[in-house]
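Structure record follows, encoded as structure tokens.
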Amino acid sequence: MALKAVFFDVGETLIDEERWWRGLAEGAGLQPHIVWAALGVTIERGEEHSELWGHLGIERPTSWWITLEYERRDLYPDAIACLEAVRGLGLRVGIVGNQTAALEQWARDAELPADVISSSASLGVRKPDPDFFRRVVELAGCAPGEVAYVGDRVDNDVLPAAAAGLVAVHVRRGPWGSLQRTPPEATFGLDDLASLPDALASLL
């Protein structure tokens, strides 16, 4: 079955979230390295990143953090070129991750080269729920095996995408991507997005 669409996760796949996490730490009145240490605990335990507040012994912020936005400078240097190159292969490109409505709107306002932009906020379901990937397939408008999902997290992206019948691609960067090993369920394990178009070309 030939590939027809490629959907991308956002944080640590297209976006370097270091500045975003620094903003989160500042808003919570904490030093960044303390927040990153708590994040490491959540990764080690296989927890959702929101659990870090419990590890820090403070209540999860209720409002201000959801207004934090990315900036175009936060994009990884290879992100835009990759999106354009994948489109150049004749593939439908989508951007859908576990994101707030504000971050989805940022992606739209940034006019990223994608045919579909959505988020867990709009879909009403978050990864790794299988329904998230069923919705991705619906947005792609083709069969599961004709859709690739590209993400940095083995637990949230690679394994559930593969289980849903999608082509799963693991990008080994960012906190999760650097610490979680590429599993056999991944069709590709890559260290960047620059090498993705050539890898995908073999599936056309």
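Order determines the names: the first chain of the structure tokens is A, the second B, and so forth; residues in each chain are numbered 1 upward, and ligands are numbered 1 upward as they are shown.
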Closest atom pairs, residues of range 92-202 of chain A within 8 Å of range 7-15 of chain A, only C-alpha atoms, as CSV:
```
residue,atom,partner,partner_atom,distance
A:Val93,CA,A:Phe7,CA,5.7
A:Gly94,CA,A:Phe7,CA,4.3
A:Ile95,CA,A:Phe8,CA,4.8
A:Val96,CA,A:Asp9,CA,5.6
A:Gly97,CA,A:Asp9,CA,4.7
A:Asn98,CA,A:Asp9,CA,7.8
A:Gln99,CA,A:Val10,CA,7.9
A:Val136,CA,A:Phe7,CA,7.7
A:Val147,CA,A:Phe7,CA,7.3
A:Ala148,CA,A:Phe7,CA,6.1
A:Tyr149,CA,A:Phe7,CA,4.9
A:Val150,CA,A:Phe8,CA,4.8
A:Gly151,CA,A:Asp9,CA,5.0
A:Asp152,CA,A:Thr13,CA,5.7
A:Asp157,CA,A:Asp9,CA,7.8
A:Val171,CA,A:Thr13,CA,6.7
A:Arg173,CA,A:Glu12,CA,6.6
A:Gly174,CA,A:Glu12,CA,5.2
A:Pro175,CA,A:Glu12,CA,8.0
A:Gly177,CA,A:Glu12,CA,7.9
```
Write the residues of the preceding selection, restricted to C-alpha atoms, as a tab-separated table (two decimals), in the first residue's frame.
```
chain	number	residue	atom	x	y	z
A	93	VAL	CA	0.83	16.97	4.94
A	94	GLY	CA	-0.85	17.32	8.32
A	95	ILE	CA	0.16	18.77	11.70
A	96	VAL	CA	-1.72	17.33	14.67
A	97	GLY	CA	-0.45	16.85	18.22
A	98	ASN	CA	-1.48	17.06	21.86
A	99	GLN	CA	-1.80	20.83	21.78
A	136	VAL	CA	-5.87	11.47	12.01
A	147	VAL	CA	-0.71	7.47	6.46
A	148	ALA	CA	2.59	8.04	8.27
A	149	TYR	CA	2.70	9.64	11.72
A	150	VAL	CA	5.97	11.30	12.73
A	151	GLY	CA	6.71	11.95	16.39
A	152	ASP	CA	9.38	12.03	19.07
A	157	ASP	CA	3.40	8.61	19.00
A	171	VAL	CA	12.36	11.24	15.55
A	173	ARG	CA	15.36	14.42	19.57
A	174	GLY	CA	14.04	16.36	22.53
A	175	PRO	CA	13.71	14.86	26.03
A	177	GLY	CA	13.08	11.18	21.69
```
Practice problem: Within range 30-199 of chain A, find each residue whose DSSP state, derived from the backbone, is helix (DSSP H, G or I), and express the selection as a VMD selection string. | Solution: chain A and resid 32 to 45 49 to 56 64 to 67 72 to 74 79 to 88 101 to 109 120 to 123 130 to 140 144 to 146 154 to 163 174 to 179 196 to 199
Quiz item: Contacts of Glu17 in chain A at 12 Å or less, counting only C-alpha atoms, minus same-chain residues fewer than 5 places along, as a VMD selection string?
Solution: chain A and resid 10 to 12 22 to 24 36 68 to 76 173 to 176
Quiz item: Contacts of range 184-198 of chain A at 7 Å or less, counting only C-alpha atoms, minus same-chain residues fewer than 4 places along, as a ChimeraX atom specification?
Solution: /A:78-79,82,85-86,158-159,162,167-173
Quiz item: Between A:Ala161, A:Asp16, A:Glu59, A:Ala101, which is the closest to Pro144 in chain A once you count only C-alpha atoms?
Solution: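 The closest residue to Pro144 in chain A is A:Ala161.
Restricting the calculation to only C-alpha atoms, the smallest distance between Ala121 in chain A and any of A:Thr42, A:Gln105, A:Gln180, A:Asn156 is found for A:Gln105.
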Quiz prompt | Shortest interatomic distance to Gly46 in chain A - which of A:Gly29, A:Ala110, A:Gly88, A:Leu179, counting only C-alpha atoms | solution = A:Leu179
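Computed from the coordinates, the CA of Leu123 in chain A to CA of Glu104 in chain A distance equals 11.3 Å.
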Exercise. Could you check which of A:Ala201, A:Leu139, A:Val35, A:Ala164 is closest to Arg87 in chain A, using only C-alpha atoms?
Key: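 Using only C-alpha atoms, Arg87 in chain A sits closest to A:Ala201.
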Practice problem: Could you please determine the separation between CA of Thr100 in chain A and CA of Gly57 in chain A in Å, to one decimal place? | Solution: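 It comes out at 24.1 Å.
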Self-check item: Which of range 16-117 of chain A fall in strand (DSSP E), as a list in words
Solution: Arg92, Val93, Gly94, Ile95, Val96, Gly97, Val116 and Ile117 of chain A
Can you write out the residues you just picked, keeping N, CA and C atoms, as a PDB file, in the first residue's frame?
```
ATOM      1  N   ARG A  92       0.070  14.387   1.078  1.00  0.00           N
ATOM      2  CA  ARG A  92      -0.729  15.302   1.890  1.00  0.00           C
ATOM      3  C   ARG A  92      -0.027  15.459   3.235  1.00  0.00           C
ATOM      4  N   VAL A  93       0.108  16.692   3.703  1.00  0.00           N
ATOM      5  CA  VAL A  93       0.830  16.972   4.942  1.00  0.00           C
ATOM      6  C   VAL A  93      -0.122  17.482   6.015  1.00  0.00           C
ATOM      7  N   GLY A  94      -0.029  16.889   7.200  1.00  0.00           N
ATOM      8  CA  GLY A  94      -0.854  17.320   8.322  1.00  0.00           C
ATOM      9  C   GLY A  94      -0.011  17.584   9.555  1.00  0.00           C
ATOM     10  N   ILE A  95      -0.486  18.472  10.417  1.00  0.00           N
ATOM     11  CA  ILE A  95       0.164  18.771  11.697  1.00  0.00           C
ATOM     12  C   ILE A  95      -0.892  18.624  12.784  1.00  0.00           C
ATOM     13  N   VAL A  96      -0.745  17.601  13.613  1.00  0.00           N
ATOM     14  CA  VAL A  96      -1.723  17.335  14.674  1.00  0.00           C
ATOM     15  C   VAL A  96      -1.005  16.715  15.866  1.00  0.00           C
ATOM     16  N   GLY A  97      -1.062  17.388  17.012  1.00  0.00           N
ATOM     17  CA  GLY A  97      -0.452  16.853  18.219  1.00  0.00           C
ATOM     18  C   GLY A  97      -1.310  17.112  19.432  1.00  0.00           C
ATOM     19  N   VAL A 116      -3.392  20.206   6.423  1.00  0.00           N
ATOM     20  CA  VAL A 116      -4.301  20.034   7.554  1.00  0.00           C
ATOM     21  C   VAL A 116      -3.574  20.449   8.829  1.00  0.00           C
ATOM     22  N   ILE A 117      -4.216  21.283   9.642  1.00  0.00           N
ATOM     23  CA  ILE A 117      -3.685  21.646  10.959  1.00  0.00           C
ATOM     24  C   ILE A 117      -4.807  21.466  11.973  1.00  0.00           C
TER      25      ILE A 117
END
```
Self-check item: Counting only C-alpha atoms, the residue of A:Ala143, A:Leu52, A:Leu83, A:Ala163 that sits nearest Met1 in chain A
Solution: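 Using only C-alpha atoms, the shortest distance to Met1 in chain A belongs to A:Ala143.
If you measure from each of A:Glu18, A:Glu111, A:Glu146, A:Asp155 to Asp129 in chain A using only C-alpha atoms, the closest one turns out to be A:Asp155.
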